[in-house]
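What follows is one structure encoded as structure tokens, with my remarks underneath.
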Amino acid sequence: MVINSPGGDVLGALAAGRLIRERKLDVAVARTDFIGCEPDKADCTAEDGVHVGLTIDASGACGAACPIMLAGGVRRLVGPRAQLTVHPIGLEQRVKTYLRDMAVGSGLLVAMRSVPASRHRQLEPETMLKIGLTTGLGSADEFTGPTICKSQPMPENCRVVSTSEVQAEAAVKL
């Protein structure tokens with residue numbers, strides 16, 4: 001699952017994170033550049049019901065309640081060019097219990113508490129790894145790149161789209 005969110009509702013992030021974990025999904029912070037048309041456009045019809053796109057770490061962002069949702073992933077990555085920011089979000093006891101269930105260290109709550117009200121703090125990749133928010137220093141490419149459908153077990157959502165075809169269409173768009 002690729003996420004890109006400035007934040008939102010803490011209770012919603014807790015619920016989404018639990019669903020992500022229940023379904024054993026991997027999560028990466030990145031943005032998706034869709035090929036052909038943007039899914040949110042009224043006149044955009046996906047070929048065979050699937051929107052094709054490329055994930056890109058640059059400009060990927062996860063802030064406020066989003067890191068809570070990210071914590072639900074089995075494997076969690078924030079690429080070197082993506083940004084993850086924290087600030088105090090409230091509901092501390094519920095968040096603390098949830099993070100413990102997700103095997104994320106208390107360092108995330110400490111980082112959130114250390115930010116003055118109405119401010120944000122960007123966490124560095126090494127810090128995210130140290131506190132257990134991320135499970136590696138890789139990027140979204142590990143979950144979405146051309147080799148993912150060759151992994152074992154093969155993800156159920158793999159379909160045959162040649163990498164060169166997607167890259168050629170992306171080059172036209174960019």
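Following the order of the structure tokens, first chain is A, next is B, and so on, with residues numbered from 1 inside each chain and ligands from 1 in the order they appear.
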
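Those residues that approach A:Gly90 to within 10 Å, counting only C-alpha atoms, are Val10, Ala65, His87, Gln93, Arg94, Val95, Met112 and Arg113 of chain A; same-chain residues fewer than 3 positions away are not listed.
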
- Task: List the neighbours of A:Gly73 out to 9 Å using only C-alpha atoms; skip same-chain residues closer than 6 positions along the sequence, and give me the result as a ChimeraX atom specification.
- Result: /A:1,17-18,20-21,24-28,102

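Atom CA of A:Phe143 lies 22.6 Å from atom CA of A:Leu99.
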
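Straight-line separation from atom CA of A:Ile89 to atom CA of A:Asp40: 29.1 Å.
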
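With distances restricted to only C-alpha atoms, A:Val86 is the closest residue to A:Arg121 from A:Ile3, A:Met69, A:Leu109, A:Val86.
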
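Atom CA of A:Val29 is found 5.8 Å from atom CA of A:Gly60.
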
Quick one: pick out all alpha helix (DSSP H) residues within chain A from a backbone DSSP run and write them as an mmCIF file with C-alpha atoms, in the first residue's frame.
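The result, written out as part-v8.cif:
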data_model
loop_
_atom_site.group_PDB
_atom_site.id
_atom_site.type_symbol
_atom_site.label_atom_id
_atom_site.label_comp_id
_atom_site.auth_asym_id
_atom_site.auth_seq_id
_atom_site.Cartn_x
_atom_site.Cartn_y
_atom_site.Cartn_z
ATOM 1 C CA VAL A 10 -6.387 10.009 14.730
ATOM 2 C CA LEU A 11 -9.206 7.523 15.350
ATOM 3 C CA GLY A 12 -9.445 6.934 11.592
ATOM 4 C CA ALA A 13 -5.673 6.355 11.435
ATOM 5 C CA LEU A 14 -5.873 3.845 14.290
ATOM 6 C CA ALA A 15 -8.708 1.963 12.556
ATOM 7 C CA ALA A 16 -6.968 2.027 9.159
ATOM 8 C CA GLY A 17 -3.702 0.857 10.734
ATOM 9 C CA ARG A 18 -5.428 -2.091 12.382
ATOM 10 C CA LEU A 19 -7.052 -3.052 9.056
ATOM 11 C CA ILE A 20 -3.678 -2.812 7.327
ATOM 12 C CA ARG A 21 -2.108 -5.109 9.921
ATOM 13 C CA GLU A 22 -5.055 -7.511 9.880
ATOM 14 C CA CYS A 66 -0.519 9.420 8.967
ATOM 15 C CA PRO A 67 2.498 7.919 10.828
ATOM 16 C CA ILE A 68 -0.035 6.135 13.057
ATOM 17 C CA MET A 69 -1.560 4.483 9.987
ATOM 18 C CA LEU A 70 1.914 3.676 8.612
ATOM 19 C CA GLU A 92 -2.118 9.370 23.914
ATOM 20 C CA GLN A 93 -3.135 6.238 25.835
ATOM 21 C CA ARG A 94 -4.957 4.753 22.830
ATOM 22 C CA VAL A 95 -2.044 5.595 20.540
ATOM 23 C CA LYS A 96 0.444 4.146 23.043
ATOM 24 C CA THR A 97 -1.463 0.840 23.224
ATOM 25 C CA TYR A 98 -1.792 0.705 19.430
ATOM 26 C CA LEU A 99 1.914 1.384 18.855
ATOM 27 C CA ARG A 100 2.821 -1.333 21.350
ATOM 28 C CA ASP A 101 0.538 -3.746 19.441
ATOM 29 C CA GLY A 107 10.247 6.813 20.754
ATOM 30 C CA LEU A 108 7.494 7.823 18.331
ATOM 31 C CA LEU A 109 5.324 9.156 21.168
ATOM 32 C CA VAL A 110 8.351 10.884 22.674
ATOM 33 C CA ALA A 111 9.057 12.550 19.313
ATOM 34 C CA MET A 112 5.416 13.636 19.021
ATOM 35 C CA ARG A 113 5.388 15.067 22.551
ATOM 36 C CA PRO A 125 15.250 7.848 8.221
ATOM 37 C CA GLU A 126 17.677 6.585 10.881
ATOM 38 C CA THR A 127 15.400 7.844 13.668
ATOM 39 C CA MET A 128 12.340 6.155 12.146
ATOM 40 C CA LEU A 129 14.263 2.884 11.913
ATOM 41 C CA LYS A 130 15.654 3.192 15.459
ATOM 42 C CA ASP A 141 10.263 0.612 -5.082
ATOM 43 C CA GLU A 142 10.775 -2.425 -2.846
ATOM 44 C CA PHE A 143 7.003 -2.945 -2.771
ATOM 45 C CA THR A 144 6.000 -1.617 -6.171
ATOM 46 C CA THR A 163 8.148 -2.226 -17.087
ATOM 47 C CA SER A 164 9.357 -0.737 -20.363
ATOM 48 C CA GLU A 165 5.745 -0.029 -21.364
ATOM 49 C CA VAL A 166 5.015 1.808 -18.107
ATOM 50 C CA GLN A 167 8.302 3.736 -18.240
ATOM 51 C CA ALA A 168 7.678 4.768 -21.856
ATOM 52 C CA GLU A 169 4.212 6.078 -20.974
ATOM 53 C CA ALA A 170 5.626 7.856 -17.894
ATOM 54 C CA ALA A 171 8.304 9.574 -19.983
ATOM 55 C CA VAL A 172 5.608 10.985 -22.258
ATOM 56 C CA LYS A 173 3.655 12.312 -19.253
#

- Residues within 12 Å of A:Cys37, only C-alpha atoms, excluding chain neighbours under 4 positions, as a ChimeraX atom specification: /A:32-33,41-47,50-53,169-170,173

Go ahead and save the residues from that selection, with all heavy atoms, as a compact mmCIF listing (two decimals), in the first residue's frame.
# COMPACT_ATOMS: atom_id res chain seq x y z
N THR A 32 1.95 8.51 -6.12
CA THR A 32 1.79 7.73 -7.35
C THR A 32 1.47 8.69 -8.49
O THR A 32 0.55 9.49 -8.39
CB THR A 32 0.65 6.70 -7.21
OG1 THR A 32 0.94 5.85 -6.09
CG2 THR A 32 0.52 5.86 -8.46
N ASP A 33 2.27 8.59 -9.55
CA ASP A 33 1.98 9.32 -10.78
C ASP A 33 1.27 8.34 -11.71
O ASP A 33 1.87 7.34 -12.12
CB ASP A 33 3.26 9.84 -11.44
CG ASP A 33 3.76 11.12 -10.81
OD1 ASP A 33 3.01 11.73 -10.02
OD2 ASP A 33 4.90 11.51 -11.09
N LYS A 41 -10.35 12.09 -11.78
CA LYS A 41 -10.99 12.87 -12.85
C LYS A 41 -12.24 12.15 -13.34
O LYS A 41 -12.22 10.94 -13.56
CB LYS A 41 -10.03 13.09 -14.03
CG LYS A 41 -8.74 13.77 -13.65
CD LYS A 41 -8.98 15.19 -13.20
CE LYS A 41 -7.65 15.87 -12.90
NZ LYS A 41 -7.65 16.78 -11.84
N ALA A 42 -13.30 12.89 -13.56
CA ALA A 42 -14.59 12.31 -13.95
C ALA A 42 -14.50 11.54 -15.26
O ALA A 42 -15.16 10.52 -15.44
CB ALA A 42 -15.65 13.39 -14.05
N ASP A 43 -13.68 12.00 -16.20
CA ASP A 43 -13.61 11.36 -17.52
C ASP A 43 -12.52 10.28 -17.60
O ASP A 43 -12.18 9.81 -18.67
CB ASP A 43 -13.39 12.40 -18.61
CG ASP A 43 -12.09 13.17 -18.42
OD1 ASP A 43 -11.52 13.13 -17.31
OD2 ASP A 43 -11.65 13.82 -19.39
N CYS A 44 -11.96 9.88 -16.47
CA CYS A 44 -10.88 8.89 -16.44
C CYS A 44 -11.46 7.49 -16.29
O CYS A 44 -12.08 7.17 -15.29
CB CYS A 44 -9.93 9.18 -15.29
SG CYS A 44 -8.58 7.99 -15.18
N THR A 45 -11.24 6.67 -17.29
CA THR A 45 -11.68 5.28 -17.24
C THR A 45 -10.45 4.39 -17.30
O THR A 45 -9.64 4.49 -18.23
CB THR A 45 -12.61 4.94 -18.41
OG1 THR A 45 -13.70 5.86 -18.40
CG2 THR A 45 -13.13 3.53 -18.30
N ALA A 46 -10.28 3.55 -16.32
CA ALA A 46 -9.12 2.68 -16.26
C ALA A 46 -9.26 1.54 -17.26
O ALA A 46 -10.33 0.95 -17.40
CB ALA A 46 -8.96 2.11 -14.86
N GLU A 47 -8.17 1.24 -17.93
CA GLU A 47 -8.16 0.13 -18.87
C GLU A 47 -8.21 -1.16 -18.07
O GLU A 47 -7.42 -1.37 -17.15
CB GLU A 47 -6.87 0.18 -19.70
CG GLU A 47 -6.86 -0.82 -20.83
CD GLU A 47 -5.63 -0.65 -21.71
OE1 GLU A 47 -5.30 0.51 -22.04
OE2 GLU A 47 -5.02 -1.67 -22.03
N VAL A 50 -8.01 -1.15 -14.13
CA VAL A 50 -6.79 -0.92 -13.36
C VAL A 50 -6.13 0.38 -13.81
O VAL A 50 -5.91 0.59 -15.00
CB VAL A 50 -5.81 -2.10 -13.56
CG1 VAL A 50 -4.51 -1.83 -12.82
CG2 VAL A 50 -6.43 -3.40 -13.09
N HIS A 51 -5.83 1.23 -12.85
CA HIS A 51 -5.08 2.46 -13.12
C HIS A 51 -3.60 2.13 -13.00
O HIS A 51 -3.15 1.61 -11.98
CB HIS A 51 -5.43 3.56 -12.13
CG HIS A 51 -6.83 4.07 -12.29
ND1 HIS A 51 -7.16 4.99 -13.25
CD2 HIS A 51 -7.97 3.77 -11.62
CE1 HIS A 51 -8.46 5.25 -13.16
NE2 HIS A 51 -8.97 4.52 -12.18
N VAL A 52 -2.83 2.43 -14.03
CA VAL A 52 -1.40 2.13 -14.04
C VAL A 52 -0.65 3.39 -13.64
O VAL A 52 -0.96 4.49 -14.08
CB VAL A 52 -0.95 1.66 -15.44
CG1 VAL A 52 0.55 1.41 -15.47
CG2 VAL A 52 -1.71 0.40 -15.83
N GLY A 53 0.37 3.22 -12.80
CA GLY A 53 1.16 4.37 -12.37
C GLY A 53 2.50 3.94 -11.83
O GLY A 53 2.80 2.76 -11.68
N GLU A 169 5.39 5.22 -21.17
CA GLU A 169 4.21 6.08 -20.97
C GLU A 169 4.50 7.18 -19.96
O GLU A 169 4.04 8.31 -20.10
CB GLU A 169 3.01 5.25 -20.54
CG GLU A 169 2.46 4.37 -21.65
CD GLU A 169 1.21 3.64 -21.21
OE1 GLU A 169 0.39 4.25 -20.51
OE2 GLU A 169 1.08 2.46 -21.58
N ALA A 170 5.28 6.87 -18.92
CA ALA A 170 5.63 7.86 -17.89
C ALA A 170 6.49 8.96 -18.50
O ALA A 170 6.34 10.12 -18.18
CB ALA A 170 6.34 7.20 -16.73
N LYS A 173 4.40 11.47 -20.20
CA LYS A 173 3.66 12.31 -19.25
C LYS A 173 4.54 13.35 -18.60
O LYS A 173 4.14 14.49 -18.40
CB LYS A 173 3.00 11.43 -18.18
CG LYS A 173 2.17 12.24 -17.21
CD LYS A 173 1.54 11.39 -16.17
CE LYS A 173 0.77 12.26 -15.20
NZ LYS A 173 0.33 11.55 -14.05

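Among the candidates A:Ser151, A:Gln122, A:Thr134, A:Ser5, the residue lying nearest to A:Thr85 is A:Gln122 (atoms considered: only C-alpha atoms).
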
- Message: Among chain A, which ones does DSSP assign to strand (DSSP E) (computed from the backbone)? Answer as a PyMOL selection string.
- Response: chain A and resi 2-3+27-29+31-34+53-56+61-62+76-78+83-86+121-122

- Do you know which residues are at most 8 Å from A:Pro88 counting only C-alpha atoms, after dropping those on the same chain fewer than 4 positions away, and could you put them as a list in words? Ala64, Met112, Arg113, Ser114, Val115, Pro116 and Ala117 of chain A

Keeping C-alpha atoms for every residue in the selection just given, could you write it to a file as a tab-separated table (two decimals), in the first residue's frame?
chain	number	residue	atom	x	y	z
A	64	ALA	CA	0.10	14.25	11.72
A	112	MET	CA	5.42	13.64	19.02
A	113	ARG	CA	5.39	15.07	22.55
A	114	SER	CA	8.64	16.97	22.00
A	115	VAL	CA	7.13	19.17	19.29
A	116	PRO	CA	5.63	22.49	20.42
A	117	ALA	CA	1.94	23.03	19.65
